[in-house]
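Beneath this line is the structure, given in structure tokens, with notes to follow.
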Amino acid sequence: MNARTLRVFAPLMVWLTAAGAAAQEADEAVLDNVVVRNRLYEPGGHLEVSLGVGLPLQTHLTAHYFFDAGLAYNVFNTLAVEARVGYAASRHTGLARSISESFLAREDKRVTDELEDLWQMNFHGVAGIRWAPIYGKLSLVSDLPAHFQAYVWAGGGMGSFKRNSVIQCSQVVDRDQGVCDNRTNLGDRDSASEDYWVRETRVAPMVSAAVGFRFFILNRHGLRLELRDWVFKDQYRVNLVRDEWEAGRVTGESARSPGLTHLVQFDLGYTFSF
């Protein structure tokens, strides 16, 4: 009797189980669609302020660390205009310092060209457009989706730049050891308070482009993850004569096609909407 009952109800149990699983999947799909379609926060019409820190993704002769503040107005949910200002703390890398120390003793480089991509950005300001066509969510834990916008950013502005040469030393202290500063200990570059490498400064236009994600937190707060490229025209001199620059005279000529310098950074930022 039990075996006959089992044979009768077994197909029904299988059908009910399959139907329940299909219904659950359908509910989850509907929930996902509703979550994405019904935005928990719509930025359109709101002002937004932001703070960010940028770290270099690639370094060659210089390394930059960006500190920026921004003000944006969201014209629509997917479109905003934004202005950013900030300062980049910059330095020469170990490769640049190694080149500078080894170059002074090279007699085969009495006529040479300056190196590319040595300009270091300091103060800067840009304005641009942010387009965020994608709105979505990530399910971090059950019933707690993280809503985000994926966006692209493009704009331009101005920046102040400085350039410290790694080959033009106006006052050679020790040629064999590559010393071009007032260090008190020849073996310790940190003991120097001043160096004698040729310096240049300028203010120049630049453009910037980025891709990133904005994650919404408690409606008004947000977290920004961004990959940004700062682009400006390089500038350096060629056919430099060592005897001329060591005598304190300008030498060489400007490179005709200096190319572009790219500073690529990863930016982590905080945003607040009014």
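Each chain in the structure tokens gets a letter, A, B and so on, in the order shown; residues start at 1 in every chain, and ligands are counted from 1 in the order they appear.
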All residues 10 Å or closer to A:Gly259, only C-alpha atoms, same chain fewer than 6 positions away omitted, as a PyMOL selection string: chain A and resi 116-117+232-235
Give me the residues of stretch 65-111 of chain A that have any atom at most 10 Å from an atom of stretch 159-176 of chain A; for each, the nearest atom pair and the distance in Å, rounded to one decimal. Use only C-alpha atoms, sort by chain and number, and format it as a tab-separated table.
```
residue	atom	partner	partner_atom	distance
A:Val85	CA	A:Gly159	CA	9.6
A:Gly86	CA	A:Gly159	CA	9.6
A:Tyr87	CA	A:Gly159	CA	9.4
A:Ala88	CA	A:Phe161	CA	9.9
A:Ser90	CA	A:Lys162	CA	9.7
A:Arg91	CA	A:Asn164	CA	9.7
A:His92	CA	A:Asn164	CA	8.7
A:Ala96	CA	A:Val166	CA	6.7
A:Arg97	CA	A:Val166	CA	7.2
A:Ser98	CA	A:Val166	CA	9.1
A:Ile99	CA	A:Val166	CA	6.8
A:Ser100	CA	A:Val166	CA	4.5
A:Glu101	CA	A:Val166	CA	8.2
A:Ser102	CA	A:Asp176	CA	8.3
A:Phe103	CA	A:Ile167	CA	6.3
A:Leu104	CA	A:Arg175	CA	5.5
A:Ala105	CA	A:Asp176	CA	5.2
A:Arg106	CA	A:Asp176	CA	8.9
A:Lys109	CA	A:Ile167	CA	9.5
```
Resulting file, chosen residues, N, CA, C and O atoms, as an mmCIF file, in the first residue's frame:
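part_16.cif, freshly written:
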```cif
data_model
loop_
_atom_site.group_PDB
_atom_site.id
_atom_site.type_symbol
_atom_site.label_atom_id
_atom_site.label_comp_id
_atom_site.auth_asym_id
_atom_site.auth_seq_id
_atom_site.Cartn_x
_atom_site.Cartn_y
_atom_site.Cartn_z
ATOM 1 N N VAL A 85 39.846 70.884 -9.194
ATOM 2 C CA VAL A 85 41.105 71.577 -8.943
ATOM 3 C C VAL A 85 41.904 70.737 -7.954
ATOM 4 O O VAL A 85 41.336 69.969 -7.162
ATOM 5 N N GLY A 86 43.209 70.889 -7.998
ATOM 6 C CA GLY A 86 44.006 70.102 -7.071
ATOM 7 C C GLY A 86 45.488 70.351 -7.209
ATOM 8 O O GLY A 86 45.939 71.257 -7.927
ATOM 9 N N TYR A 87 46.230 69.538 -6.502
ATOM 10 C CA TYR A 87 47.689 69.634 -6.481
ATOM 11 C C TYR A 87 48.258 68.217 -6.587
ATOM 12 O O TYR A 87 47.723 67.269 -5.985
ATOM 13 N N ALA A 88 49.342 68.094 -7.344
ATOM 14 C CA ALA A 88 50.015 66.808 -7.479
ATOM 15 C C ALA A 88 51.387 66.901 -6.824
ATOM 16 O O ALA A 88 52.223 67.724 -7.238
ATOM 17 N N SER A 90 54.883 65.525 -6.567
ATOM 18 C CA SER A 90 55.641 64.754 -7.551
ATOM 19 C C SER A 90 57.105 64.638 -7.131
ATOM 20 O O SER A 90 57.609 65.420 -6.317
ATOM 21 N N ARG A 91 57.771 63.683 -7.728
ATOM 22 C CA ARG A 91 59.181 63.444 -7.420
ATOM 23 C C ARG A 91 59.823 62.695 -8.578
ATOM 24 O O ARG A 91 59.141 62.117 -9.432
ATOM 25 N N HIS A 92 61.153 62.725 -8.596
ATOM 26 C CA HIS A 92 61.894 61.880 -9.522
ATOM 27 C C HIS A 92 61.926 60.445 -8.979
ATOM 28 O O HIS A 92 62.021 60.233 -7.765
ATOM 29 N N ALA A 96 65.410 57.952 -12.525
ATOM 30 C CA ALA A 96 65.888 59.294 -12.869
ATOM 31 C C ALA A 96 67.122 59.665 -12.048
ATOM 32 O O ALA A 96 68.090 60.245 -12.574
ATOM 33 N N ARG A 97 67.117 59.365 -10.766
ATOM 34 C CA ARG A 97 68.273 59.683 -9.923
ATOM 35 C C ARG A 97 69.502 58.886 -10.348
ATOM 36 O O ARG A 97 70.629 59.386 -10.323
ATOM 37 N N SER A 98 69.284 57.638 -10.751
ATOM 38 C CA SER A 98 70.401 56.820 -11.200
ATOM 39 C C SER A 98 71.010 57.379 -12.485
ATOM 40 O O SER A 98 72.242 57.411 -12.640
ATOM 41 N N ILE A 99 70.156 57.838 -13.396
ATOM 42 C CA ILE A 99 70.653 58.438 -14.640
ATOM 43 C C ILE A 99 71.466 59.692 -14.338
ATOM 44 O O ILE A 99 72.541 59.906 -14.903
ATOM 45 N N SER A 100 70.948 60.540 -13.440
ATOM 46 C CA SER A 100 71.638 61.799 -13.141
ATOM 47 C C SER A 100 73.019 61.557 -12.537
ATOM 48 O O SER A 100 73.979 62.276 -12.840
ATOM 49 N N GLU A 101 73.145 60.548 -11.684
ATOM 50 C CA GLU A 101 74.420 60.297 -11.018
ATOM 51 C C GLU A 101 75.447 59.674 -11.958
ATOM 52 O O GLU A 101 76.652 59.899 -11.810
ATOM 53 N N SER A 102 74.975 58.885 -12.929
ATOM 54 C CA SER A 102 75.915 58.224 -13.837
ATOM 55 C C SER A 102 76.266 59.080 -15.050
ATOM 56 O O SER A 102 77.296 58.850 -15.700
ATOM 57 N N PHE A 103 75.457 60.101 -15.346
ATOM 58 C CA PHE A 103 75.649 60.856 -16.573
ATOM 59 C C PHE A 103 76.849 61.799 -16.504
ATOM 60 O O PHE A 103 77.563 61.987 -17.492
ATOM 61 N N LEU A 104 77.097 62.399 -15.360
ATOM 62 C CA LEU A 104 78.131 63.432 -15.268
ATOM 63 C C LEU A 104 79.517 62.911 -15.655
ATOM 64 O O LEU A 104 80.338 63.661 -16.193
ATOM 65 N N ALA A 105 79.788 61.655 -15.381
ATOM 66 C CA ALA A 105 81.124 61.107 -15.640
ATOM 67 C C ALA A 105 81.298 60.598 -17.064
ATOM 68 O O ALA A 105 82.401 60.181 -17.439
ATOM 69 N N ARG A 106 80.273 60.653 -17.889
ATOM 70 C CA ARG A 106 80.355 60.090 -19.236
ATOM 71 C C ARG A 106 80.931 61.118 -20.207
ATOM 72 O O ARG A 106 80.292 62.101 -20.558
ATOM 73 N N LYS A 109 79.162 61.903 -23.739
ATOM 74 C CA LYS A 109 77.908 62.650 -23.771
ATOM 75 C C LYS A 109 78.143 64.149 -23.595
ATOM 76 O O LYS A 109 77.416 64.824 -22.893
#
```
task: Would you return as a list in words the members of stretch 24-113 of chain A that DSSP assigns to alpha helix (DSSP H) on this structure's backbone?
output: Gln24, Glu25, Ala26, Asp27, Glu28, Ala29, Val30, Leu31, Asp32, Asn33, Val34, Val35, Val36, Arg37, Gly94, Leu95, Ala96, Arg97, Ser98, Ile99, Ser100, Glu101, Ser102 and Phe103 of chain A
task: Apply DSSP to the structure's backbone, then extract all residues of stretch 12-259 of chain A labelled strand (DSSP E) and return them as a PyMOL selection string.
output: chain A and resi 47-56+62-74+79-92+111-112+119-141+144-169+197-217+221-233+237-238+240-241+253-254
- request: Excluding A:Gly155 and any residue of its chain fewer than 3 positions from it, enumerate the residues within 12 Å of it, using only C-alpha atoms, and give them as a PyMOL selection string.
  value: chain A and resi 80-84+125-131+152+158+205-210+228-231
task: Can you pull out every residue within 10 Å of stretch 38-51 of chain A, counting only C-alpha atoms, but drop anything in the same chain fewer than 4 positions away, and send it as a PyMOL selection string?
output: chain A and resi 32-34+67-84+86+135-137+147-148+216-224+267-274
Could you list, as a PDB file with N, CA and C atoms, in the first residue's frame, every residue within 7 Å of A:Pro56, counting only C-alpha atoms and ignoring same-chain residues fewer than 5 positions away?
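This went into selection.pdb:
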```
ATOM      1  N   ALA A  63      57.025  60.377 -10.590  1.00  0.00           N
ATOM      2  CA  ALA A  63      55.870  59.763  -9.923  1.00  0.00           C
ATOM      3  C   ALA A  63      55.017  60.884  -9.352  1.00  0.00           C
ATOM      4  N   HIS A  64      53.697  60.769  -9.518  1.00  0.00           N
ATOM      5  CA  HIS A  64      52.761  61.812  -9.079  1.00  0.00           C
ATOM      6  C   HIS A  64      51.717  61.221  -8.132  1.00  0.00           C
ATOM      7  N   TYR A  65      51.354  62.019  -7.121  1.00  0.00           N
ATOM      8  CA  TYR A  65      50.313  61.649  -6.161  1.00  0.00           C
ATOM      9  C   TYR A  65      49.326  62.822  -6.107  1.00  0.00           C
ATOM     10  N   VAL A 264      49.025  58.481 -15.843  1.00  0.00           N
ATOM     11  CA  VAL A 264      47.895  57.585 -15.604  1.00  0.00           C
ATOM     12  C   VAL A 264      47.815  57.272 -14.118  1.00  0.00           C
ATOM     13  N   GLN A 265      46.619  57.423 -13.544  1.00  0.00           N
ATOM     14  CA  GLN A 265      46.460  57.242 -12.111  1.00  0.00           C
ATOM     15  C   GLN A 265      45.197  56.448 -11.792  1.00  0.00           C
ATOM     16  N   PHE A 266      45.202  55.832 -10.622  1.00  0.00           N
ATOM     17  CA  PHE A 266      43.991  55.235 -10.054  1.00  0.00           C
ATOM     18  C   PHE A 266      43.490  56.173  -8.971  1.00  0.00           C
TER      19      PHE A 266
END
```
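Shortest separation to A:Glu226 among A:His262, A:Arg256, A:Arg214, A:Arg110 occurs at residue A:Arg214, atoms counted being only C-alpha atoms.
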task: Using only C-alpha atoms, pick whichever of A:Ala132, A:Met121, A:Val179, A:Leu138 has the shortest atom-to-atom distance to A:Ala204.
output: A:Met121
Atomic distance atom CA of A:Ala247 - atom CA of A:His60, expressed in Å with one decimal: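 Interatomic distance here is 29.5 Å.
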